[in-house]
Every structure is written in C-alpha cells, then in structure tokens.
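Shown here: my_file-v7.txt, compact mmCIF, C-alpha atoms.
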# COMPACT_ATOMS: atom_id res chain seq x y z
CA MET A 1 80.14 211.19 85.64
CA MET A 2 81.78 210.46 88.98
CA THR A 3 79.68 210.31 92.12
CA THR A 4 80.87 210.27 95.65
CA ASN A 5 79.06 209.23 98.75
CA MET A 6 79.42 211.60 101.61
CA SER A 7 79.09 210.35 105.11
CA THR A 8 78.44 212.46 108.12
CA VAL A 9 80.20 211.68 111.32
CA LEU A 10 78.02 212.69 114.21
CA ARG A 11 79.57 213.56 117.50
CA PRO A 12 78.05 211.84 120.49
CA ALA A 13 75.86 214.06 122.64
CA THR A 14 78.01 213.27 125.67
CA PRO A 15 81.76 213.89 125.51
CA SER A 16 83.68 210.62 125.78
CA ARG A 17 85.31 211.55 129.06
CA PHE A 18 81.85 211.85 130.63
CA ARG A 19 80.28 208.66 129.33
CA ARG A 20 79.37 206.14 131.95
CA GLY A 21 81.38 202.95 131.96
CA HIS A 22 80.10 199.43 132.42
CA THR A 23 80.50 199.54 136.18
CA LEU A 24 78.72 202.26 138.08
CA PRO A 25 80.29 203.34 141.37
CA SER A 26 77.94 203.89 144.28
CA VAL A 27 76.91 207.33 145.50
CA GLU A 28 79.04 206.84 148.61
CA VAL A 29 82.14 205.89 146.63
CA LEU A 30 81.68 208.90 144.37
CA LEU A 31 81.29 211.26 147.34
CA GLU A 32 84.59 209.97 148.74
CA GLU A 33 86.26 210.37 145.35
CA ILE A 34 84.99 213.94 145.00
CA SER A 35 86.21 214.76 148.51
CA GLY A 36 89.67 213.40 147.69
CA LEU A 37 89.85 215.23 144.37
CA THR A 38 88.77 218.48 146.02
CA ALA A 39 91.47 218.14 148.68
CA GLU A 40 94.02 217.30 145.98
CA ARG A 41 92.98 220.38 144.01
CA GLN A 42 93.46 222.59 147.04
CA ARG A 43 96.93 221.13 147.64
CA LEU A 44 97.83 221.68 143.98
CA ARG A 45 96.70 225.30 144.16
CA ASP A 46 98.55 225.89 147.43
CA ARG A 47 101.75 224.56 145.86
CA GLY A 48 101.33 226.59 142.69
CA ALA A 49 100.99 223.56 140.43
CA GLU A 50 101.18 224.01 136.69
CA ALA A 51 97.97 224.58 134.74
CA ARG A 52 98.13 221.15 133.11
CA ARG A 53 97.97 219.33 136.45
CA LEU A 54 95.13 221.55 137.65
CA GLU A 55 93.23 220.88 134.43
CA ARG A 56 93.62 217.11 134.80
CA ASN A 57 92.28 217.38 138.33
CA ARG A 58 89.41 219.58 137.15
CA VAL A 59 88.39 217.05 134.49
CA LYS A 60 88.53 214.19 137.02
CA LEU A 61 86.45 216.22 139.46
CA ALA A 62 83.89 217.16 136.80
CA ARG A 63 83.61 213.53 135.69
CA ALA A 64 83.06 212.34 139.26
CA GLN A 65 80.39 215.00 139.78
CA TRP A 66 78.71 213.97 136.53
CA GLN A 67 78.75 210.33 137.63
CA LEU A 68 77.36 211.31 141.03
CA SER A 69 74.42 213.13 139.48
CA HIS A 70 73.60 210.07 137.36
CA ALA A 71 74.02 207.72 140.32
CA LEU A 72 71.60 209.84 142.35
CA ILE A 73 69.09 209.91 139.51
CA GLN A 74 69.34 206.14 139.14
CA ARG A 75 68.93 205.66 142.87
CA TYR A 76 65.93 207.92 143.44
CA LEU A 77 64.07 208.28 140.13
CA PRO A 78 62.72 204.70 139.99
CA ALA A 79 61.26 205.17 143.48
CA ALA A 80 59.48 208.35 142.37
CA HIS A 81 57.97 206.53 139.38
CA SER A 82 56.70 203.58 141.42
CA GLN A 83 55.10 205.89 144.03
CA ALA A 84 53.28 207.86 141.32
CA ALA A 85 51.72 204.69 139.86
Kindly return the structure encoded in the file as structure tokens.
Amino acid sequence: MMTTNMSTVLRPATPSRFRRGHTLPSVEVLLEEISGLTAERQRLRDRGAEARRLERNRVKLARAQWQLSHALIQRYLPAAHSQAA
C-alpha cells in the first residue's frame, strides 16, 4: 500500500506587501510619504492615468498607512503600559 504525506501550506496572516521590514521609518517620515503619495494620486487622476498606475499608487499608499498605524502603536502603546503599572 502506498502512503503519501500531505503538507499544508498556510498563508501568513499579513499579506507580504504589508509586512514590516527590518527598518521601521519614523512617524514623521511616513506622514511625508503619505502626503507625497496622496499628491501623486491626485495628479494621476487629473491626468487620466491608466488603472495599473493608480493601483500601484493605491498599494503604496495603503502600505504606508499600515506602517504608520504600526509606528504610532509602537510609539504610544509602551507609554500606556508603563503608566498603568
């Protein structure tokens, strides 16, 4: 009788394009990046850019916003924990 081992490949809970890298940009850097990406998106829309370019911009903007939320959590959550103790 032949037996086979089945393996399950689990997808990570966080999509790869939203995983944090080894270096974490500061809140201020991320705010500047988001501002630039937002302005770029508006220019793309005004010029009638193709959907592919708008989607690339949207993904970059979403990633920067995701990083910003994590940077803010990292900045302020430890302070909340030390005050509660």
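Taking atom CA of A:Leu61 and atom CA of A:Ile34 as the two end points, the separation is 6.2 Å.
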Distance of atom CA of A:Asp46 from atom CA of A:Leu68, expressed in Å to one decimal place:
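About the pair atom CA of A:Leu68 and atom CA of A:Asp46: they are 26.5 Å apart.
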So which residues touch A:Ala64 within 9 Å, counting only C-alpha atoms, skipping near sequence neighbours fewer than 6 positions away, as an MDAnalysis selection string?
chainID A and resid 18 30:31 33:34 37
Residues of the last selection are to be written out with C-alpha atoms, as a compact mmCIF listing (two decimals), in the coordinates of the input.
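This went into result_26.txt:
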# COMPACT_ATOMS: atom_id res chain seq x y z
CA PHE A 18 81.85 211.85 130.63
CA LEU A 30 81.68 208.90 144.37
CA LEU A 31 81.29 211.26 147.34
CA GLU A 33 86.26 210.37 145.35
CA ILE A 34 84.99 213.94 145.00
CA LEU A 37 89.85 215.23 144.37
Just checking: using all atoms listed in the file, which residue out of A:Gln74, A:Asn57, A:Ser26, A:Gln67 ends up closest to A:Arg41?
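That would be A:Asn57, the residue with the smallest distance to A:Arg41.
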Using all atoms listed in the file, which of A:Val59, A:Leu44, A:Gln65, A:Arg53 sits nearest A:Glu32?
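Among the listed residues, the smallest separation from A:Glu32 belongs to A:Gln65.
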In Å and to one decimal, atom CA of A:Ser69 is distant from atom CA of A:Ala39 by 20.0 Å
Working from the structure I just supplied, which lacks atoms in stretch 46-79 of chain A, can you model N, CA and C atoms there and output them as an mmCIF file, keeping the file's coordinate frame?
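What ended up in out17.cif:
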data_model
loop_
_atom_site.group_PDB
_atom_site.id
_atom_site.type_symbol
_atom_site.label_atom_id
_atom_site.label_comp_id
_atom_site.auth_asym_id
_atom_site.auth_seq_id
_atom_site.Cartn_x
_atom_site.Cartn_y
_atom_site.Cartn_z
ATOM 1 N N ASP A 46 97.673 225.363 146.394
ATOM 2 C CA ASP A 46 98.550 225.890 147.430
ATOM 3 C C ASP A 46 100.015 225.811 147.032
ATOM 4 N N ARG A 47 100.363 224.762 146.294
ATOM 5 C CA ARG A 47 101.750 224.560 145.860
ATOM 6 C C ARG A 47 102.077 225.256 144.545
ATOM 7 N N GLY A 48 101.090 225.904 143.950
ATOM 8 C CA GLY A 48 101.330 226.590 142.690
ATOM 9 C C GLY A 48 101.575 225.647 141.527
ATOM 10 N N ALA A 49 100.817 224.569 141.477
ATOM 11 C CA ALA A 49 100.990 223.560 140.430
ATOM 12 C C ALA A 49 100.746 224.168 139.049
ATOM 13 N N GLU A 50 101.345 223.540 138.067
ATOM 14 C CA GLU A 50 101.180 224.010 136.690
ATOM 15 C C GLU A 50 99.734 223.799 136.219
ATOM 16 N N ALA A 51 99.350 224.582 135.246
ATOM 17 C CA ALA A 51 97.970 224.580 134.740
ATOM 18 C C ALA A 51 97.553 223.206 134.233
ATOM 19 N N ARG A 52 98.463 222.465 133.653
ATOM 20 C CA ARG A 52 98.130 221.150 133.110
ATOM 21 C C ARG A 52 97.674 220.187 134.200
ATOM 22 N N ARG A 53 98.359 220.210 135.336
ATOM 23 C CA ARG A 53 97.970 219.330 136.450
ATOM 24 C C ARG A 53 96.624 219.756 137.036
ATOM 25 N N LEU A 54 96.413 221.056 137.151
ATOM 26 C CA LEU A 54 95.130 221.550 137.650
ATOM 27 C C LEU A 54 93.998 221.172 136.698
ATOM 28 N N GLU A 55 94.262 221.237 135.418
ATOM 29 C CA GLU A 55 93.230 220.880 134.430
ATOM 30 C C GLU A 55 92.895 219.402 134.499
ATOM 31 N N ARG A 56 93.894 218.545 134.647
ATOM 32 C CA ARG A 56 93.620 217.110 134.800
ATOM 33 C C ARG A 56 92.758 216.850 136.016
ATOM 34 N N ASN A 57 93.073 217.526 137.105
ATOM 35 C CA ASN A 57 92.280 217.380 138.330
ATOM 36 C C ASN A 57 90.861 217.896 138.099
ATOM 37 N N ARG A 58 90.721 219.016 137.407
ATOM 38 C CA ARG A 58 89.410 219.580 137.150
ATOM 39 C C ARG A 58 88.540 218.622 136.340
ATOM 40 N N VAL A 59 89.132 217.993 135.330
ATOM 41 C CA VAL A 59 88.390 217.050 134.490
ATOM 42 C C VAL A 59 87.972 215.829 135.318
ATOM 43 N N LYS A 60 88.878 215.322 136.153
ATOM 44 C CA LYS A 60 88.530 214.190 137.020
ATOM 45 C C LYS A 60 87.395 214.559 137.967
ATOM 46 N N LEU A 61 87.474 215.753 138.531
ATOM 47 C CA LEU A 61 86.450 216.220 139.460
ATOM 48 C C LEU A 61 85.111 216.393 138.743
ATOM 49 N N ALA A 62 85.134 216.979 137.567
ATOM 50 C CA ALA A 62 83.890 217.160 136.800
ATOM 51 C C ALA A 62 83.283 215.811 136.421
ATOM 52 N N ARG A 63 84.115 214.864 136.042
ATOM 53 C CA ARG A 63 83.610 213.530 135.690
ATOM 54 C C ARG A 63 82.969 212.859 136.902
ATOM 55 N N ALA A 64 83.616 212.944 138.053
ATOM 56 C CA ALA A 64 83.060 212.340 139.260
ATOM 57 C C ALA A 64 81.736 213.000 139.640
ATOM 58 N N GLN A 65 81.645 214.306 139.485
ATOM 59 C CA GLN A 65 80.390 215.000 139.780
ATOM 60 C C GLN A 65 79.298 214.586 138.803
ATOM 61 N N TRP A 66 79.663 214.418 137.552
ATOM 62 C CA TRP A 66 78.710 213.970 136.530
ATOM 63 C C TRP A 66 78.207 212.573 136.871
ATOM 64 N N GLN A 67 79.138 211.690 137.254
ATOM 65 C CA GLN A 67 78.750 210.330 137.630
ATOM 66 C C GLN A 67 77.856 210.342 138.866
ATOM 67 N N LEU A 68 78.165 211.217 139.817
ATOM 68 C CA LEU A 68 77.360 211.310 141.030
ATOM 69 C C LEU A 68 75.933 211.729 140.692
ATOM 70 N N SER A 69 75.775 212.701 139.823
ATOM 71 C CA SER A 69 74.420 213.130 139.480
ATOM 72 C C SER A 69 73.632 211.990 138.836
ATOM 73 N N HIS A 70 74.279 211.204 137.996
ATOM 74 C CA HIS A 70 73.600 210.070 137.360
ATOM 75 C C HIS A 70 73.321 208.944 138.363
ATOM 76 N N ALA A 71 74.242 208.740 139.299
ATOM 77 C CA ALA A 71 74.020 207.720 140.320
ATOM 78 C C ALA A 71 72.840 208.102 141.216
ATOM 79 N N LEU A 72 72.724 209.381 141.537
ATOM 80 C CA LEU A 72 71.600 209.840 142.350
ATOM 81 C C LEU A 72 70.282 209.716 141.596
ATOM 82 N N ILE A 73 70.300 210.058 140.327
ATOM 83 C CA ILE A 73 69.090 209.910 139.510
ATOM 84 C C ILE A 73 68.678 208.445 139.466
ATOM 85 N N GLN A 74 69.642 207.573 139.225
ATOM 86 C CA GLN A 74 69.340 206.140 139.140
ATOM 87 C C GLN A 74 68.813 205.612 140.477
ATOM 88 N N ARG A 75 69.349 206.136 141.561
ATOM 89 C CA ARG A 75 68.930 205.660 142.870
ATOM 90 C C ARG A 75 67.518 206.116 143.231
ATOM 91 N N TYR A 76 67.190 207.373 142.943
ATOM 92 C CA TYR A 76 65.930 207.920 143.440
ATOM 93 C C TYR A 76 64.819 208.058 142.412
ATOM 94 N N LEU A 77 65.127 208.117 141.143
ATOM 95 C CA LEU A 77 64.070 208.280 140.130
ATOM 96 C C LEU A 77 63.156 207.066 140.051
ATOM 97 N N PRO A 78 63.658 205.843 140.055
ATOM 98 C CA PRO A 78 62.720 204.700 139.990
ATOM 99 C C PRO A 78 61.738 204.707 141.152
ATOM 100 N N ALA A 79 62.154 205.112 142.330
ATOM 101 C CA ALA A 79 61.260 205.170 143.480
ATOM 102 C C ALA A 79 60.150 206.196 143.246
#
